>>> print(open('data36.cif').read())   # mmCIF, C-alpha atoms
data_query
loop_
_atom_site.label_atom_id
_atom_site.label_comp_id
_atom_site.auth_asym_id
_atom_site.auth_seq_id
_atom_site.Cartn_x
_atom_site.Cartn_y
_atom_site.Cartn_z
CA MET A 114 26.87 12.42 -13.57
CA VAL A 115 25.33 15.89 -13.52
CA ARG A 116 24.73 17.13 -9.98
CA LEU A 117 21.06 17.78 -9.39
CA PRO A 118 19.18 19.30 -6.45
CA ASP A 119 17.02 17.18 -4.18
CA PHE A 120 13.77 16.16 -5.86
CA ARG A 121 11.31 18.02 -3.64
CA LEU A 122 8.28 15.90 -4.49
CA GLU A 123 10.03 12.58 -3.85
CA THR A 124 11.68 13.89 -0.68
CA PHE A 125 8.25 14.94 0.59
CA PHE A 126 6.73 11.60 -0.40
CA SER A 127 9.53 9.62 1.23
CA ARG A 128 8.37 11.06 4.55
CA TRP A 129 4.60 10.72 4.13
CA GLU A 130 3.46 8.65 1.10
CA PHE A 131 3.29 5.29 2.85
CA THR A 132 2.57 6.51 6.37
CA ALA A 133 -0.30 8.99 5.89
CA ARG A 134 -3.70 7.37 6.40
CA HIS A 135 -5.31 9.15 3.46
CA HIS A 136 -3.18 9.59 0.33
CA MET A 137 -5.21 12.36 -1.31
CA THR A 138 -2.55 13.65 -3.70
CA ALA A 139 -1.91 10.58 -5.87
CA SER A 140 -0.76 11.49 -9.37
CA ASP A 141 -1.88 8.23 -10.96
CA ALA A 142 -5.27 6.76 -11.73
CA GLU A 143 -6.60 3.81 -9.72
CA THR A 144 -4.42 0.80 -10.39
CA MET A 145 -5.42 -2.84 -10.82
CA ALA A 146 -4.26 -6.18 -9.50
CA LEU A 147 -1.98 -8.37 -11.57
CA GLY A 148 -4.78 -10.87 -12.06
CA GLU A 149 -7.08 -8.17 -13.42
CA LEU A 150 -4.49 -7.11 -15.98
CA LEU A 151 -3.73 -10.69 -17.03
CA ALA A 152 -7.45 -11.26 -17.52
CA LEU A 153 -7.23 -8.73 -20.38
CA ALA A 154 -4.46 -10.67 -22.16
CA ASP A 155 -5.01 -12.67 -25.32
CA GLU A 156 -3.74 -16.24 -25.42
CA GLU A 157 -0.45 -15.27 -27.05
CA ASP A 158 0.44 -12.62 -24.45
CA ARG A 159 -0.69 -14.77 -21.53
CA ALA A 160 1.56 -17.59 -22.77
CA ALA A 161 4.40 -15.12 -23.30
CA PHE A 162 4.09 -13.97 -19.69
CA GLU A 163 3.85 -17.45 -18.19
CA ASN A 164 6.71 -18.88 -20.25
CA LEU A 165 8.99 -15.84 -20.15
CA ARG A 166 12.63 -16.60 -19.46
CA LEU A 167 14.12 -13.99 -17.15
CA GLY A 168 17.11 -12.94 -19.22
CA TYR A 169 18.13 -9.58 -20.61
CA THR A 170 15.77 -7.80 -22.97
CA GLU A 171 16.47 -5.57 -25.96
CA THR A 172 17.66 -2.05 -25.10
CA PHE A 173 15.12 -0.52 -27.50
CA GLY A 174 12.40 -2.57 -25.82
CA ASP A 175 10.49 -5.74 -26.59
CA PRO A 176 9.50 -5.59 -30.30
CA ALA A 177 5.90 -6.55 -29.53
CA LEU A 178 5.72 -3.81 -26.90
CA ARG A 179 7.11 -1.24 -29.32
CA ALA A 180 4.53 -2.31 -31.88
CA ALA A 181 1.78 -1.88 -29.27
CA VAL A 182 3.08 1.59 -28.40
CA ALA A 183 3.25 2.55 -32.08
CA GLY A 184 -0.36 1.46 -32.41
CA THR A 185 -1.38 4.35 -30.15
CA TYR A 186 -0.01 6.89 -32.67
CA GLU A 187 -1.29 7.83 -36.11
CA ARG A 188 2.05 8.15 -37.92
CA ALA A 189 4.61 6.22 -35.85
CA GLU A 190 6.00 2.74 -36.43
CA ALA A 191 7.58 0.35 -33.96
CA ALA A 192 11.03 1.53 -35.10
CA ASP A 193 10.12 5.03 -33.89
CA VAL A 194 9.72 3.86 -30.26
CA LEU A 195 12.36 3.53 -27.53
CA CYS A 196 11.28 2.12 -24.15
CA PHE A 197 12.57 3.21 -20.76
CA ALA A 198 12.23 2.33 -17.08
CA GLY A 199 9.48 4.86 -16.51
CA ALA A 200 9.12 8.36 -17.91
CA GLU A 201 11.81 9.90 -15.69
CA GLU A 202 14.60 7.96 -17.39
CA GLY A 203 13.34 9.03 -20.80
CA LEU A 204 13.20 12.69 -19.77
CA TYR A 205 16.66 12.58 -18.17
CA LEU A 206 18.37 10.92 -21.12
CA ALA A 207 16.59 13.02 -23.74
CA MET A 208 17.76 16.25 -22.15
CA ASN A 209 21.31 14.94 -21.81
CA VAL A 210 21.37 13.92 -25.49
CA LEU A 211 19.69 17.07 -26.82
CA LEU A 212 21.44 19.73 -24.72
CA ASP A 213 25.06 20.78 -24.18
CA ALA A 214 26.79 23.67 -22.45
CA GLY A 215 26.22 26.72 -24.63
CA ASP A 216 22.74 25.61 -25.65
CA HIS A 217 19.44 27.03 -24.43
CA ALA A 218 16.06 25.50 -23.59
CA VAL A 219 12.56 26.85 -22.94
CA VAL A 220 10.43 25.13 -20.30
CA VAL A 221 6.80 25.76 -19.40
CA THR A 222 6.03 26.22 -15.68
CA PRO A 223 4.69 25.01 -13.29
CA ASN A 224 5.96 21.56 -14.04
CA TYR A 225 7.26 18.22 -12.84
CA GLN A 226 10.53 19.31 -11.24
CA ALA A 227 12.85 17.28 -13.47
CA ALA A 228 11.45 19.07 -16.52
CA GLU A 229 13.43 22.14 -15.48
CA THR A 230 16.19 20.94 -13.14
CA VAL A 231 17.67 18.45 -15.63
CA PRO A 232 18.07 20.99 -18.47
CA MET A 233 19.19 23.66 -15.99
CA ALA A 234 22.07 21.39 -14.99
CA LEU A 235 23.15 21.28 -18.64
CA CYS A 236 22.62 24.76 -20.11
CA GLU A 237 20.74 28.05 -19.80
CA VAL A 238 16.97 27.70 -19.49
CA THR A 239 14.14 30.22 -19.78
CA GLY A 240 10.77 29.57 -18.19
CA VAL A 241 7.40 30.53 -19.65
CA ALA A 242 4.66 30.45 -17.04
CA LEU A 243 1.09 29.33 -17.55
CA ASP A 244 -1.16 32.19 -16.45
CA PRO A 245 -3.38 31.27 -13.47
CA ALA A 246 -5.42 34.45 -14.00
CA ARG A 247 -6.43 33.19 -17.45
CA ASP A 248 -7.21 29.57 -16.60
CA TRP A 249 -3.53 28.62 -16.90
CA ALA A 250 -3.33 29.79 -20.51
CA LEU A 251 -0.09 29.40 -22.48
CA ASP A 252 0.93 32.56 -24.36
CA LEU A 253 2.63 31.44 -27.58
CA ASP A 254 3.98 34.96 -28.12
CA ARG A 255 5.87 34.63 -24.84
CA VAL A 256 7.26 31.28 -25.97
CA ALA A 257 8.41 32.86 -29.23
CA ALA A 258 9.98 35.75 -27.33
CA ALA A 259 11.89 33.34 -25.09
CA ILE A 260 13.50 31.54 -28.03
CA ARG A 261 17.13 32.40 -28.79
CA PRO A 262 19.40 31.51 -31.71
CA ASN A 263 20.90 28.71 -29.60
CA THR A 264 17.58 27.30 -28.34
CA ARG A 265 17.56 23.54 -28.89
CA VAL A 266 14.51 22.36 -26.90
CA VAL A 267 11.06 23.62 -25.97
CA SER A 268 9.57 21.44 -23.23
CA VAL A 269 5.83 21.27 -22.50
CA ASN A 270 3.44 19.04 -20.57
CA PHE A 271 -0.30 18.75 -21.37
CA PRO A 272 -2.50 17.75 -19.63
CA ASN A 273 -0.29 19.69 -17.28
CA ASN A 274 1.09 18.48 -13.97
CA PRO A 275 -0.05 19.96 -11.58
CA THR A 276 -2.74 22.22 -13.05
CA GLY A 277 -4.59 19.78 -15.33
CA LYS A 278 -4.56 22.39 -18.10
CA VAL A 279 -5.07 21.30 -21.72
CA ILE A 280 -4.34 24.00 -24.30
CA GLY A 281 -6.19 24.18 -27.60
CA ALA A 282 -5.18 21.83 -30.40
CA ALA A 283 -4.59 24.78 -32.74
CA ASP A 284 -2.12 26.30 -30.26
CA PHE A 285 -0.34 22.98 -29.82
CA THR A 286 -0.01 22.51 -33.58
CA ALA A 287 1.22 26.11 -33.92
CA LEU A 288 3.79 25.47 -31.19
CA ALA A 289 5.09 22.42 -33.04
CA ALA A 290 5.30 24.40 -36.28
CA MET A 291 7.14 27.22 -34.49
CA CYS A 292 9.73 24.73 -33.24
CA ASP A 293 10.13 23.06 -36.63
CA GLU A 294 10.61 26.40 -38.40
CA ARG A 295 13.47 27.23 -36.04
CA GLY A 296 15.10 23.79 -35.96
CA ILE A 297 14.09 23.27 -32.31
CA ARG A 298 13.04 19.99 -30.75
CA LEU A 299 9.59 20.02 -29.16
CA PHE A 300 9.70 17.73 -26.11
CA SER A 301 6.13 16.90 -25.15
CA ASP A 302 5.32 15.14 -21.87
CA GLU A 303 2.00 13.40 -22.60
CA VAL A 304 1.72 11.08 -19.60
CA TYR A 305 -1.85 12.17 -18.76
CA ARG A 306 -3.15 11.99 -22.31
CA GLY A 307 -6.37 9.97 -22.46
CA LEU A 308 -7.87 11.35 -19.25
CA GLU A 309 -9.40 14.52 -20.71
CA ARG A 310 -12.82 15.36 -19.28
CA ASP A 311 -13.99 16.22 -22.79
CA PRO A 312 -12.41 13.78 -25.29
CA VAL A 313 -12.79 16.42 -28.00
CA ARG A 314 -10.02 18.36 -26.25
CA THR A 315 -7.50 15.52 -26.52
CA LEU A 316 -4.38 16.94 -28.15
CA PRO A 317 -2.59 15.28 -31.03
CA GLN A 318 0.63 13.61 -29.98
CA ALA A 319 3.75 15.61 -30.80
CA ALA A 320 5.39 12.72 -32.66
CA ASP A 321 2.39 12.64 -35.00
CA VAL A 322 2.52 16.39 -35.62
CA SER A 323 6.28 16.68 -36.26
CA GLU A 324 9.02 14.33 -37.41
CA ARG A 325 11.46 16.10 -35.09
CA ALA A 326 9.31 16.19 -31.96
CA LEU A 327 9.60 13.77 -29.04
CA SER A 328 6.51 12.36 -27.31
CA LEU A 329 7.08 11.07 -23.77
CA ASN A 330 4.59 8.66 -22.24
CA VAL A 331 4.36 5.94 -19.60
CA THR A 332 2.05 3.26 -18.20
CA SER A 333 2.04 4.97 -14.80
CA LYS A 334 -0.40 7.87 -14.98
CA ALA A 335 -3.38 7.60 -17.35
CA LEU A 336 -3.31 3.78 -17.34
CA GLY A 337 -2.75 3.67 -13.58
CA LEU A 338 0.05 1.08 -13.72
CA PRO A 339 3.10 2.75 -12.14
CA GLY A 340 4.38 -0.53 -10.74
CA LEU A 341 5.27 -1.70 -14.24
CA ARG A 342 7.90 1.06 -14.57
CA ILE A 343 7.57 1.15 -18.37
CA GLY A 344 7.79 4.42 -20.28
CA TRP A 345 8.74 5.37 -23.81
CA ILE A 346 9.75 8.12 -26.19
CA THR A 347 8.31 8.13 -29.67
CA CYS A 348 10.18 10.14 -32.31
CA ARG A 349 10.24 9.69 -36.07
CA ASP A 350 13.85 10.93 -36.24
CA ARG A 351 15.50 7.52 -35.98
CA GLU A 352 19.03 8.90 -35.86
CA LEU A 353 18.10 10.76 -32.69
CA LEU A 354 16.39 7.66 -31.33
CA ALA A 355 19.60 5.69 -31.91
CA ARG A 356 21.54 8.29 -29.90
CA LEU A 357 19.03 7.93 -27.08
CA GLU A 358 19.40 4.16 -27.18
CA ARG A 359 23.18 4.47 -26.80
CA ALA A 360 22.68 6.80 -23.83
CA LYS A 361 20.44 4.19 -22.20
CA HIS A 362 23.46 1.84 -22.14
CA TYR A 363 24.71 3.96 -19.23
CA THR A 364 21.51 3.76 -17.18
CA THR A 365 19.15 0.78 -17.12
CA ILE A 366 20.50 -0.89 -20.31
CA CYS A 367 17.20 -2.73 -20.69
CA ASN A 368 13.79 -2.97 -19.06
CA SER A 369 12.21 -5.69 -16.93
CA GLY A 370 11.00 -8.51 -19.17
CA PRO A 371 7.84 -9.28 -17.17
CA SER A 372 6.94 -5.61 -17.08
CA GLU A 373 7.32 -5.29 -20.84
CA VAL A 374 4.90 -8.15 -21.46
CA LEU A 375 2.43 -6.73 -18.96
CA ALA A 376 2.78 -3.27 -20.51
CA ARG A 377 1.92 -4.57 -23.96
CA ILE A 378 -1.15 -6.31 -22.51
CA ALA A 379 -2.18 -2.99 -20.99
CA LEU A 380 -1.59 -1.05 -24.20
CA LYS A 381 -3.59 -3.51 -26.27
CA SER A 382 -6.43 -2.94 -23.80
CA SER A 383 -5.76 0.77 -23.34
CA SER A 384 -9.15 1.85 -24.69
CA SER A 385 -11.02 -0.09 -22.00
CA ILE A 386 -8.58 0.84 -19.22
CA LEU A 387 -8.72 4.54 -20.10
CA ALA A 388 -12.52 4.40 -20.32
CA ARG A 389 -12.62 2.85 -16.85
CA ASN A 390 -10.34 5.56 -15.46
CA ARG A 391 -12.25 8.40 -17.12
CA ALA A 392 -15.48 6.99 -15.68
CA LEU A 393 -13.90 6.87 -12.22
CA ILE A 394 -12.83 10.51 -12.48
CA ALA A 395 -16.30 11.49 -13.73
CA ARG A 396 -17.82 9.68 -10.76
CA ASN A 397 -15.40 11.37 -8.34
CA LEU A 398 -15.67 14.95 -9.57
CA PRO A 399 -19.15 15.66 -8.10
CA ILE A 400 -17.81 14.44 -4.74
CA PHE A 401 -14.92 16.91 -4.93
CA ASP A 402 -17.25 19.64 -6.20
CA ALA A 403 -19.47 19.16 -3.15
CA PHE A 404 -16.51 19.17 -0.77
CA PHE A 405 -15.08 22.41 -2.11
CA ALA A 406 -18.56 24.00 -2.29
CA GLU A 407 -18.92 23.45 1.46
CA PHE A 408 -15.61 25.19 2.06
CA ALA A 409 -15.89 27.88 -0.62
CA ASP A 410 -14.62 30.49 1.83
CA THR A 411 -11.42 28.47 2.31
CA PHE A 412 -10.63 27.20 -1.19
CA GLU A 413 -10.92 28.25 -4.81
CA TRP A 414 -11.70 25.11 -6.82
CA ARG A 415 -11.79 24.30 -10.51
CA ALA A 416 -11.87 20.82 -11.98
CA PRO A 417 -8.94 20.07 -14.32
CA ASP A 418 -9.30 19.88 -18.10
CA GLY A 419 -7.52 16.54 -18.09
CA GLY A 420 -5.47 14.16 -16.01
CA CYS A 421 -6.24 12.91 -12.52
CA ILE A 422 -4.88 15.75 -10.40
CA ALA A 423 -6.16 19.25 -9.65
CA TYR A 424 -4.48 22.37 -8.24
CA PRO A 425 -6.92 24.28 -5.99
CA ARG A 426 -6.11 27.57 -4.30
CA TYR A 427 -5.99 27.85 -0.51
CA LEU A 428 -7.36 31.14 0.85
CA GLY A 429 -6.38 30.75 4.51
CA THR A 430 -4.14 33.31 6.16
CA ASP A 431 -1.82 30.65 7.62
CA GLY A 432 -0.57 29.73 4.13
CA VAL A 433 -0.75 26.50 2.20
CA GLU A 434 2.55 25.08 3.47
CA GLU A 435 1.39 25.29 7.09
CA MET A 436 -2.08 24.00 6.21
CA CYS A 437 -0.71 20.90 4.45
CA ALA A 438 1.81 20.22 7.22
CA ARG A 439 -0.81 20.38 9.96
CA LEU A 440 -3.36 18.42 7.93
CA VAL A 441 -1.11 15.40 7.48
CA ARG A 442 0.13 15.49 11.09
CA GLU A 443 -3.26 16.00 12.72
CA ALA A 444 -5.66 14.22 10.34
CA GLY A 445 -3.41 11.91 8.32
CA VAL A 446 -4.49 13.53 5.03
CA LEU A 447 -1.67 13.96 2.52
CA LEU A 448 -1.66 16.82 0.00
CA LEU A 449 1.21 18.39 -1.93
CA PRO A 450 1.73 22.09 -1.15
CA ALA A 451 2.80 24.66 -3.75
CA GLY A 452 6.38 24.71 -2.49
CA VAL A 453 6.91 21.32 -4.10
CA TYR A 454 6.13 22.97 -7.45
CA ARG A 455 8.09 26.17 -7.04
CA SER A 456 10.20 27.05 -10.05
CA GLU A 457 13.67 28.52 -10.33
CA LEU A 458 12.67 29.93 -13.72
CA THR A 459 9.47 31.91 -13.13
CA PRO A 460 7.26 33.02 -10.27
CA THR A 461 4.73 30.30 -9.46
CA PRO A 462 1.68 30.50 -7.19
CA THR A 463 2.44 29.97 -3.51
CA ASP A 464 -1.15 29.32 -2.41
CA ARG A 465 -2.00 26.12 -4.31
CA PHE A 466 -1.91 22.42 -3.49
CA ARG A 467 -2.19 19.23 -5.52
CA ILE A 468 -5.06 16.86 -4.88
CA GLY A 469 -5.68 13.57 -6.69
CA ILE A 470 -9.07 12.83 -8.22
CA GLY A 471 -8.37 9.50 -9.92
CA ARG A 472 -8.43 7.00 -7.06
CA ALA A 473 -11.43 4.90 -6.04
CA ASP A 474 -13.50 5.83 -2.97
CA PRO A 475 -12.13 9.28 -2.04
CA GLU A 476 -14.97 9.83 0.41
CA GLU A 477 -13.09 8.63 3.49
CA GLY A 478 -10.14 10.93 2.91
CA LEU A 479 -12.36 13.91 2.12
CA ALA A 480 -14.40 13.21 5.27
CA ALA A 481 -11.21 13.31 7.35
CA PHE A 482 -10.20 16.53 5.59
CA ALA A 483 -13.66 18.06 6.18
CA GLY A 484 -13.68 17.05 9.83
CA TRP A 485 -10.31 18.69 10.37
CA LEU A 486 -11.49 21.90 8.67
CA ARG A 487 -14.68 22.04 10.73
CA ARG A 488 -12.72 21.67 13.96
CA ARG A 489 -10.66 24.72 12.98
CA ARG A 490 -13.68 26.97 12.54
#
>>> encode(input="data36.cif", output="C-alpha cells")
Amino acid sequence: MVRLPDFRLETFFSRWEFTARHHMTASDAETMALGELLALADEEDRAAFENLRLGYTETFGDPALRAAVAGTYERAEAADVLCFAGAEEGLYLAMNVLLDAGDHAVVVTPNYQAAETVPMALCEVTGVALDPARDWALDLDRVAAAIRPNTRVVSVNFPNNPTGKVIGAADFTALAAMCDERGIRLFSDEVYRGLERDPVRTLPQAADVSERALSLNVTSKALGLPGLRIGWITCRDRELLARLERAKHYTTICNSGPSEVLARIALKSSSSILARNRALIARNLPIFDAFFAEFADTFEWRAPDGGCIAYPRYLGTDGVEEMCARLVREAGVLLLPAGVYRSELTPTPTDRFRIGIGRADPEEGLAAFAGWLRRRR
C-alpha cells in the first residue's frame, strides 16, 4: 500500500466532530431518517429492502442502482457505472489505476486533501490554484501550461470544496476538450453537483462531455446521505471501468447490500431531495449574511456559487488557526481552519475557514459564535 500522510481534515474531526456542541463546518446537506427515505420508495424498492438477503453483492454494484445512477446522466448507461464505498474509495482506486511512477498529474487547489496526496504518492504532480482575488477563477491557460508530455490526469472539483466555486460551463467544456486533445483523463469530482444557487450554472457532468473522462459522485454531500457510504464513478470507457473493478477486488470487493437499495431509492427521488436541500440552503443564506454583516470588520464573506460549504476570510490579527482553536474550546463551535486545506503544490490562503450552510437550524450555533465574538470586543 502506498504510504500517505495523515489526513488533516479527518484527524481534526476525530478530535472535535462528535464532541463540539455546535458542528458549524459540516460538508454535507441535512440528512434524513431511515423512515423518511423509505417513505420515498416505490413498492418494488420497499419490498427489495425488506426482503433483502444479506449476502455479497456484485463488485460493479447492484444493477438496479447502476441503472438509477445512469439515469442522472445524459449519455451514460448502467454499464458505464462502477459503485464504491463512498467517493474516497473511487478517488483512491482511480488514481492508482491511472497513474504510475514516471507519469504526471495536474490538480486544482485548494482541494479535498486526497485529491493531491494520493497522486503525489504515485508520481509527479503540478498544482494550479484557483485565484481568490478573482472570485476563485480557474485560469485555463495555466492548466495548459502545467501539462507535460507525460501528463495522464487533470483533476478538478466543482462546485469546489472548500470555496464553493462553480466555473463557467464553456470553460469546463473547453477543459474537457483540452484533455481529450492531449490524451489526458479528466477526473471530475462532482459530489456537490445539484446544490448550485442558480441552477443555470449547473455544469455538465464530465462523463457526458467526454468518453474518456471520469465523473465521481456520492450520496453523501448534495443528497445529504453520508451514512449510506455509496459512491460511484461513471466513465464511458468500459475497458478502464473494468480495470477499476479489478482494483476494487483489493479494497471493499463489494458494497453494503442494504445501502445499495437505499441509495437507489434516494437516486430515484433525487429531484425532490435536491430541491429540499437547495431550499434549506436558500433559507439559511440570509441568516449567514446577517451574521457576517454584523461582524464585517472581522470577516470577509461571500456566499458560495454551489454546494453547502463556504470559505470566508478571517481578518483578525491572531490568525485563523488560533481563532478556530479558541472558538471550539471556549464556545463549542467547530469550524475548519485554512491549515486543513493547505496544499503541498501551490500557495493557498492562510486566513480562511470552512463553514457549513446546509444543515437545518444554524441559528443556535451562530448565536454561540456571535456571543463569543462580542465577548472578545
>>> resolve_selection(input="data36.cif", expression="the PyMOL selection byres ((chain A and resi 137) around 6)", output="PyMOL selection string")
chain A and resi 135-136+138-139+447-448+468-469
>>> write_last_selection(input="data36.cif", atoms="C-alpha atoms", output="compact mmCIF listing (two decimals), in the frame of the given file")
# COMPACT_ATOMS: atom_id res chain seq x y z
CA HIS A 135 -5.31 9.15 3.46
CA HIS A 136 -3.18 9.59 0.33
CA THR A 138 -2.55 13.65 -3.70
CA ALA A 139 -1.91 10.58 -5.87
CA LEU A 447 -1.67 13.96 2.52
CA LEU A 448 -1.66 16.82 0.00
CA ILE A 468 -5.06 16.86 -4.88
CA GLY A 469 -5.68 13.57 -6.69
>>> resolve_selection(input="data36.cif", expression="the PyMOL selection byres ((chain A and resi 347-351) around 12)", output="NGL selection string")
:A and (173 or 179-197 or 200 or 203-204 or 207 or 298-303 or 318-331 or 344-346 or 352-358)
>>> closest_residue(input="data36.cif", among="A:Ala146, A:Val374, A:Ala133, A:Met291", to="Pro176 (chain A)", atoms="only C-alpha atoms")
A:Val374
>>> closest_residue(input="data36.cif", among="A:Ala198, A:Glu156, A:Thr172, A:Gly419", to="Ile394 (chain A)", atoms="all atoms listed in the file")
A:Gly419
>>> residues_around(input="data36.cif", residues="Lys278 (chain A)", least_positions_apart="5", cutoff="6 Å", atoms="only C-alpha atoms", output="PDB file with C-alpha atoms, in the coordinates of the input")
ATOM      1  CA  PRO A 272      -2.500  17.750 -19.630  1.00  0.00           C
ATOM      2  CA  ASN A 273      -0.290  19.690 -17.280  1.00  0.00           C
ATOM      3  CA  ASP A 418      -9.300  19.880 -18.100  1.00  0.00           C
TER       4      ASP A 418
END
>>> resolve_selection(input="data36.cif", expression="the PyMOL selection byres ((chain A and resi 140) around 10)", output="MDAnalysis selection string")
chainID A and resid 137:139 141:143 274:275 305 333:335 337 339 420:423 467:472
>>> atom_distance(input="data36.cif", atom1="CA of Leu212 (chain A)", atom2="CA of Val256 (chain A)")
18.3 Å
>>> residues_around(input="data36.cif", residues="Cys437 (chain A)", least_positions_apart="4", cutoff="7 Å", atoms="only C-alpha atoms", output="VMD selection string")
chain A and resid 433 441 448 450
>>> atom_distance(input="data36.cif", atom1="CA of Arg306 (chain A)", atom2="CA of Arg426 (chain A)")
24.0 Å
>>> atom_distance(input="data36.cif", atom1="CA of Glu237 (chain A)", atom2="CA of Ala218 (chain A)")
6.5 Å
>>> residues_around(input="data36.cif", residues="Ala259 (chain A)", least_positions_apart="6", cutoff="10 Å", atoms="all atoms listed in the file", output="short mmCIF file (atom, residue, chain, number, x, y, z; two decimals) with C-alpha atoms, in the coordinates of the input")
data_model
loop_
_atom_site.label_atom_id
_atom_site.label_comp_id
_atom_site.auth_asym_id
_atom_site.auth_seq_id
_atom_site.Cartn_x
_atom_site.Cartn_y
_atom_site.Cartn_z
CA HIS A 217 19.44 27.03 -24.43
CA ALA A 218 16.06 25.50 -23.59
CA VAL A 219 12.56 26.85 -22.94
CA VAL A 220 10.43 25.13 -20.30
CA VAL A 238 16.97 27.70 -19.49
CA THR A 239 14.14 30.22 -19.78
CA GLY A 240 10.77 29.57 -18.19
CA VAL A 241 7.40 30.53 -19.65
CA LEU A 253 2.63 31.44 -27.58
CA VAL A 267 11.06 23.62 -25.97
#
>>> closest_residue(input="data36.cif", among="A:Tyr363, A:Trp249, A:Phe404, A:Phe285", to="Pro462 (chain A)", atoms="only C-alpha atoms")
A:Trp249
>>> closest_residue(input="data36.cif", among="A:Phe466, A:Trp485, A:Leu387, A:Tyr427", to="Arg439 (chain A)", atoms="only C-alpha atoms")
A:Trp485
>>> closest_residue(input="data36.cif", among="A:Leu458, A:Met208, A:Leu398, A:Leu479", to="Arg265 (chain A)", atoms="all atoms listed in the file")
A:Met208
>>> residues_around(input="data36.cif", residues="region 364-372 of chain A", least_positions_apart="4", cutoff="10 Å", atoms="all atoms listed in the file", output="PyMOL selection string")
chain A and resi 161-163+165-175+196-199+202+206+340-344+358-360+376-378
>>> closest_residue(input="data36.cif", among="A:Ala250, A:Leu211, A:Leu336, A:Ala228", to="Arg391 (chain A)", atoms="all atoms listed in the file")
A:Leu336
